[in-house]
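Source file: start-v8.txt (compact mmCIF, C-alpha atoms)
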# COMPACT_ATOMS: atom_id res chain seq x y z
CA MET A 1 142.21 41.56 236.27
CA ILE A 2 139.62 44.34 236.13
CA ASP A 3 136.01 43.25 236.46
CA THR A 4 134.39 45.01 233.49
CA VAL A 5 130.94 43.70 234.38
CA ASN A 6 130.84 44.97 237.97
CA PRO A 7 133.70 47.45 238.20
CA ILE A 8 134.52 48.87 241.62
CA ILE A 9 135.07 52.62 241.46
CA ALA A 10 136.89 54.16 244.37
CA PRO A 11 135.17 57.37 245.59
CA GLU A 12 138.31 59.41 244.96
CA ASN A 13 138.22 58.32 241.30
CA LEU A 14 134.55 59.14 240.72
CA ILE A 15 134.52 62.05 238.28
CA TYR A 16 130.81 62.50 237.73
CA ALA A 17 127.55 61.19 239.15
CA LYS A 18 123.93 62.25 238.72
CA SER A 19 122.73 64.67 241.37
CA GLU A 20 120.57 63.07 244.04
CA VAL A 21 118.23 66.06 243.67
CA LEU A 22 117.51 65.00 240.07
CA LEU A 23 114.81 62.32 239.95
CA ASP A 24 114.91 59.28 237.66
CA ASN A 25 111.78 60.27 235.72
CA ILE A 26 112.17 60.40 231.94
CA MET A 27 112.06 64.03 230.84
CA HIS A 28 109.37 65.15 228.41
CA TYR A 29 111.60 67.66 226.65
CA CYS A 30 112.30 67.13 222.95
CA PRO A 31 115.72 65.75 221.93
CA GLY A 32 118.30 68.53 221.91
CA CYS A 33 116.21 70.85 224.10
CA SER A 34 118.18 73.06 226.47
CA HIS A 35 115.68 72.66 229.32
CA GLY A 36 117.06 69.30 230.41
CA VAL A 37 120.55 70.70 230.89
CA VAL A 38 119.25 73.66 232.87
CA ASN A 39 117.21 71.33 235.11
CA LYS A 40 120.34 69.29 235.76
CA LEU A 41 122.38 72.37 236.66
CA ILE A 42 119.78 73.65 239.10
CA ALA A 43 119.72 70.23 240.77
CA GLU A 44 123.51 70.21 241.05
CA VAL A 45 123.63 73.71 242.56
CA ILE A 46 120.96 72.81 245.13
CA GLU A 47 122.87 69.67 246.07
CA ASP A 48 126.25 71.45 246.18
CA MET A 49 124.83 74.08 248.54
CA GLY A 50 123.05 71.51 250.72
CA ILE A 51 119.71 73.32 250.46
CA GLN A 52 117.44 70.56 249.10
CA GLN A 53 115.17 70.61 252.18
CA THR A 54 114.77 74.40 252.12
CA THR A 55 114.31 75.10 248.40
CA ILE A 56 110.95 75.80 246.77
CA GLY A 57 110.54 76.00 243.00
CA ILE A 58 107.72 77.78 241.20
CA ALA A 59 106.62 75.99 238.03
CA PRO A 60 104.56 77.99 235.50
CA VAL A 61 102.88 77.08 232.21
CA GLY A 62 104.66 76.02 229.02
CA CYS A 63 107.52 73.61 228.43
CA ALA A 64 108.79 74.39 231.93
CA VAL A 65 105.58 73.25 233.58
CA PHE A 66 106.73 69.71 234.41
CA ALA A 67 109.96 70.75 236.14
CA TYR A 68 108.41 69.43 239.34
CA ASN A 69 108.71 65.91 237.91
CA TYR A 70 112.48 66.14 237.72
CA LEU A 71 113.78 67.92 240.83
CA ASP A 72 113.18 66.39 244.25
CA ILE A 73 112.30 69.61 246.08
CA ASP A 74 109.10 71.33 247.15
CA TRP A 75 107.19 72.91 244.26
CA GLN A 76 104.28 75.27 243.79
CA GLU A 77 102.38 75.61 240.51
CA ALA A 78 101.58 79.07 239.17
CA SER A 79 99.14 80.29 236.55
CA HIS A 80 100.58 81.41 233.23
CA GLY A 81 102.89 84.37 233.83
CA ARG A 82 102.29 84.57 237.57
CA ALA A 83 105.38 82.74 238.83
CA PRO A 84 107.12 85.92 240.14
CA ALA A 85 103.98 86.87 242.08
CA VAL A 86 103.69 83.38 243.57
CA ALA A 87 107.43 83.35 244.34
CA THR A 88 107.00 86.69 246.11
CA GLY A 89 104.28 85.30 248.34
CA VAL A 90 106.20 82.12 249.16
CA LYS A 91 109.41 83.98 249.98
CA ARG A 92 107.67 86.54 252.18
CA LEU A 93 105.82 83.83 254.10
CA LEU A 94 108.91 81.61 254.37
CA PRO A 95 111.87 84.03 254.32
CA ASP A 96 114.39 81.36 255.35
CA THR A 97 113.75 79.25 252.25
CA PHE A 98 115.41 79.47 248.84
CA VAL A 99 112.77 80.34 246.23
CA PHE A 100 113.18 80.34 242.47
CA SER A 101 110.89 80.57 239.45
CA TYR A 102 111.58 78.53 236.34
CA GLN A 103 110.07 80.20 233.27
CA GLY A 104 110.14 80.33 229.49
CA ASP A 105 110.07 83.47 227.37
CA GLY A 106 106.36 83.26 226.61
CA ASP A 107 105.64 83.02 230.33
CA LEU A 108 108.13 85.57 231.69
CA ALA A 109 108.27 88.10 228.86
CA ALA A 110 104.69 88.00 227.51
CA ILE A 111 101.74 87.26 229.78
CA GLY A 112 103.99 87.64 232.84
CA THR A 113 105.71 90.91 231.90
CA ALA A 114 103.99 92.92 234.63
CA GLU A 115 104.70 90.39 237.38
CA THR A 116 108.32 90.08 236.25
CA ILE A 117 109.03 93.81 236.12
CA HIS A 118 107.33 94.67 239.39
CA ALA A 119 108.90 91.78 241.35
CA CYS A 120 112.33 92.90 240.11
CA ASN A 121 111.57 96.54 240.78
CA ARG A 122 110.60 95.70 244.37
CA GLY A 123 113.78 93.69 244.73
CA GLU A 124 112.05 90.51 245.86
CA ASN A 125 114.71 88.21 247.28
CA ILE A 126 114.19 85.41 244.75
CA VAL A 127 115.93 83.82 241.77
CA MET A 128 114.33 83.90 238.32
CA VAL A 129 115.56 81.32 235.83
CA PHE A 130 114.51 82.43 232.35
CA VAL A 131 114.88 80.01 229.40
CA ASN A 132 114.71 81.98 226.13
CA ASN A 133 114.31 79.99 222.91
CA GLY A 134 112.58 82.78 221.00
CA ILE A 135 109.35 80.88 220.42
CA TYR A 136 106.28 79.35 222.08
CA GLY A 137 107.59 75.79 222.16
CA MET A 138 104.75 73.85 223.80
CA THR A 139 101.71 75.35 222.09
CA GLY A 140 102.71 75.09 218.44
CA GLY A 141 105.72 77.27 217.72
CA GLN A 142 104.02 80.66 217.63
CA MET A 143 105.88 83.97 217.59
CA ALA A 144 106.97 85.09 221.07
CA PRO A 145 108.08 88.49 222.37
CA THR A 146 111.67 87.25 221.95
CA THR A 147 111.32 85.97 218.35
CA LEU A 148 114.07 87.54 216.24
CA PRO A 149 113.49 89.84 213.24
CA GLY A 150 113.06 87.64 210.17
CA MET A 151 112.69 84.50 212.30
CA GLN A 152 109.91 82.21 211.13
CA SER A 153 107.22 80.77 213.35
CA SER A 154 103.78 79.24 212.91
CA THR A 155 102.18 82.69 213.26
CA CYS A 156 104.77 84.55 211.14
CA PRO A 157 105.71 81.93 208.52
CA PHE A 158 107.52 84.51 206.39
CA GLY A 159 109.49 85.90 209.30
CA ARG A 160 108.93 88.47 212.02
CA GLU A 161 108.51 92.00 210.68
CA ALA A 162 109.25 94.78 213.14
CA SER A 163 106.90 97.23 211.39
CA ARG A 164 104.02 94.79 211.81
CA ASP A 165 104.95 92.68 214.82
CA GLY A 166 107.11 95.00 216.88
CA HIS A 167 110.71 94.48 217.92
CA PRO A 168 111.92 91.54 220.02
CA LEU A 169 111.77 92.39 223.71
CA LYS A 170 115.16 92.43 225.41
CA ILE A 171 113.55 92.05 228.80
CA THR A 172 116.74 90.97 230.57
CA GLU A 173 118.44 94.27 229.68
CA LEU A 174 115.33 96.04 230.94
CA LEU A 175 115.41 94.16 234.25
CA ALA A 176 119.08 95.03 234.73
CA GLN A 177 118.11 98.71 234.91
CA LEU A 178 115.77 98.21 237.85
CA PRO A 179 117.11 99.08 241.31
CA GLY A 180 115.79 95.88 242.90
CA THR A 181 117.91 93.51 240.83
CA SER A 182 121.32 92.52 242.20
CA TYR A 183 122.54 90.05 239.60
CA VAL A 184 121.40 89.85 235.98
CA THR A 185 123.16 87.65 233.45
CA ARG A 186 122.62 85.91 230.13
CA GLN A 187 124.20 82.51 229.55
CA ALA A 188 123.77 79.37 227.41
CA VAL A 189 124.25 75.59 227.70
CA HIS A 190 125.28 74.51 224.18
CA THR A 191 128.91 73.70 224.99
CA ALA A 192 130.78 72.28 227.98
CA ALA A 193 132.29 75.70 228.70
CA SER A 194 128.92 77.43 228.55
CA VAL A 195 127.41 74.81 230.87
CA ARG A 196 130.12 75.54 233.44
CA LYS A 197 129.47 79.28 233.20
CA THR A 198 125.74 78.82 233.62
CA LYS A 199 126.20 76.63 236.67
CA LYS A 200 128.50 79.26 238.18
CA ALA A 201 125.86 81.94 237.49
CA LEU A 202 123.11 79.85 239.10
CA ARG A 203 125.27 79.26 242.16
CA LEU A 204 125.95 82.99 242.52
CA ALA A 205 122.23 83.75 242.22
CA PHE A 206 121.34 81.36 245.05
CA GLU A 207 124.23 82.68 247.16
CA ASN A 208 122.89 86.20 246.62
CA GLN A 209 119.51 85.09 247.91
CA LYS A 210 121.17 83.78 251.06
CA LEU A 211 122.70 87.25 251.50
CA ASN A 212 119.33 89.02 250.93
CA LYS A 213 120.67 90.96 247.96
CA GLY A 214 117.39 91.20 246.02
CA THR A 215 116.35 89.67 242.72
CA SER A 216 118.72 87.61 240.59
CA VAL A 217 117.80 86.91 236.96
CA ILE A 218 119.52 84.13 235.01
CA GLU A 219 118.56 84.10 231.33
CA VAL A 220 119.61 81.03 229.36
CA VAL A 221 119.54 81.46 225.58
CA ALA A 222 118.20 78.11 224.39
CA THR A 223 117.21 76.08 221.35
CA CYS A 224 113.86 74.65 220.32
CA SER A 225 114.60 72.00 217.70
CA SER A 226 110.93 71.09 217.28
CA GLY A 227 109.65 74.65 217.04
CA TRP A 228 112.50 75.75 214.83
CA LYS A 229 112.07 72.66 212.58
CA MET A 230 115.76 71.77 212.86
CA THR A 231 117.92 68.94 214.11
CA PRO A 232 119.63 69.58 217.47
CA VAL A 233 122.95 70.18 215.68
CA GLN A 234 121.37 72.64 213.25
CA ALA A 235 119.56 74.39 216.10
CA ASN A 236 122.78 74.92 218.06
CA LYS A 237 124.48 76.33 214.96
CA TRP A 238 121.53 78.61 214.21
CA MET A 239 121.49 79.82 217.80
CA GLU A 240 125.20 80.66 217.70
CA GLU A 241 124.87 82.50 214.40
CA ASN A 242 121.63 84.37 215.10
CA MET A 243 120.45 84.38 218.73
CA PHE A 244 123.76 85.42 220.28
CA ALA A 245 124.04 88.44 218.00
CA TYR A 246 120.74 89.81 219.32
CA TYR A 247 121.03 88.35 222.82
CA PRO A 248 124.76 88.58 223.68
CA LEU A 249 126.00 86.42 226.53
CA GLY A 250 127.52 87.77 229.73
CA ASP A 251 126.77 89.60 232.96
CA MET A 252 124.74 92.79 232.75
CA LYS A 253 124.67 93.57 236.47
CA ASN A 254 126.50 92.17 239.47
CA GLU A 255 126.23 94.13 242.69

With the file now loaded, output its structure as structure tokens.
Amino acid sequence: MIDTVNPIIAPENLIYAKSEVLLDNIMHYCPGCSHGVVNKLIAEVIEDMGIQQTTIGIAPVGCAVFAYNYLDIDWQEASHGRAPAVATGVKRLLPDTFVFSYQGDGDLAAIGTAETIHACNRGENIVMVFVNNGIYGMTGGQMAPTTLPGMQSSTCPFGREASRDGHPLKITELLAQLPGTSYVTRQAVHTAASVRKTKKALRLAFENQKLNKGTSVIEVVATCSSGWKMTPVQANKWMEENMFAYYPLGDMKNE
């Protein structure tokens, strides 16, 4: 008879277990938010590669700020937008470590545009993880550089107008043109298949850092159920129908 209260699972039959790099702290992300999945994938890649003791994450400002509560690695805080600059300093001082920044679109593509572009142009040997939900999620749902044309936010309640607000910034395509970047890709985490692809992309980015190939940029097109005023299911559907058309998934550069 099988003991359903205290079942014994043979190691060879264990299909899935939480990464030991991922802490037990309850995440602050809203229900349906893509950040939690991305955090989990980074933890799994670090564990799979056996680099937990030599990895340093750079946490910025915004929804990504509390990433240090969830991954059991060394962390360094950065001022808003300055994560690439801080990552540059850490990697140059400790070249044998794995260094990555974890940033949202308001951080990486707005106040941090200069740091992002120049770090990539120099080819700093770091990984940039860029979560793009097209809005300022933590501070009230304001329009971001990545907000789509016609997309509503608290600061453009009738939709973004290019003639007034400018066009959404496709910063990942811009970064792919810079000589210092070695791997630039755009992925998502809304389905099981997309989660697998994103994990594969993250693994390649960290492997590239081990090979001193330069900067790797992993954009993850994400949802913001709270900022978009939708349920998680509605947000995923809206993302598929709108975000992917403007921000198509796939590799842009792999050298």

Kindly give the distance, in Å, that separates atom CA of A:Pro84 and atom CA of A:His28, rounded to a single decimal. 24.0 Å

Show me a table, sorted first by chain and then by increasing residue number, of the residues of stretch 104-129 of chain A having an atom at most 7 Å from stretch 141-160 of chain A, each with its shortest atom pair and the distance in Å to one decimal, counting all atoms listed in the file and written as a tab-separated table.
residue	atom	partner	partner_atom	distance
A:Asp105	CA	A:Thr146	CA	6.8
A:Gly106	CA	A:Ala144	CA	5.9
A:Ala109	CA	A:Pro145	CA	6.5
A:Ala110	CA	A:Pro145	CA	6.2

Counting all atoms listed in the file, what are the residues of stretch 113-177 of chain A within 12 Å of stretch 49-62 of chain A, and for each of them which pair of atoms is the nearest and at what distance in Å, to one decimal? Sort the table by chain and rising number, as JSON lines.
{"residue": "A:Ile126", "atom": "CA", "partner": "A:Gly57", "partner_atom": "CA", "distance": 10.2}
{"residue": "A:Val127", "atom": "CA", "partner": "A:Gly57", "partner_atom": "CA", "distance": 9.6}
{"residue": "A:Met128", "atom": "CA", "partner": "A:Ile58", "partner_atom": "CA", "distance": 9.5}
{"residue": "A:Val129", "atom": "CA", "partner": "A:Ile58", "partner_atom": "CA", "distance": 10.1}
{"residue": "A:Phe130", "atom": "CA", "partner": "A:Pro60", "partner_atom": "CA", "distance": 11.3}
{"residue": "A:Val131", "atom": "CA", "partner": "A:Gly62", "partner_atom": "CA", "distance": 11.0}
{"residue": "A:Ile135", "atom": "CA", "partner": "A:Gly62", "partner_atom": "CA", "distance": 10.9}
{"residue": "A:Tyr136", "atom": "CA", "partner": "A:Gly62", "partner_atom": "CA", "distance": 7.9}
{"residue": "A:Gly137", "atom": "CA", "partner": "A:Gly62", "partner_atom": "CA", "distance": 7.5}
{"residue": "A:Met138", "atom": "CA", "partner": "A:Gly62", "partner_atom": "CA", "distance": 5.7}
{"residue": "A:Thr139", "atom": "CA", "partner": "A:Gly62", "partner_atom": "CA", "distance": 7.6}
{"residue": "A:Gly140", "atom": "CA", "partner": "A:Gly62", "partner_atom": "CA", "distance": 10.8}
{"residue": "A:Gly141", "atom": "CA", "partner": "A:Gly62", "partner_atom": "CA", "distance": 11.4}

Contact check, stretch 8-76 of chain A to stretch 177-194 of chain A, at most 8 Å, counting all atoms listed in the file, closest pairs as a tab-separated table:
residue	atom	partner	partner_atom	distance
A:Ser34	CA	A:Val189	CA	6.7
A:Val37	CA	A:Val189	CA	6.9
A:Val38	CA	A:Val189	CA	7.4

So, counting all atoms listed in the file, which residue among A:Tyr70, A:Arg164, A:Asp96, A:Leu175 is closest to A:Met252? A:Leu175
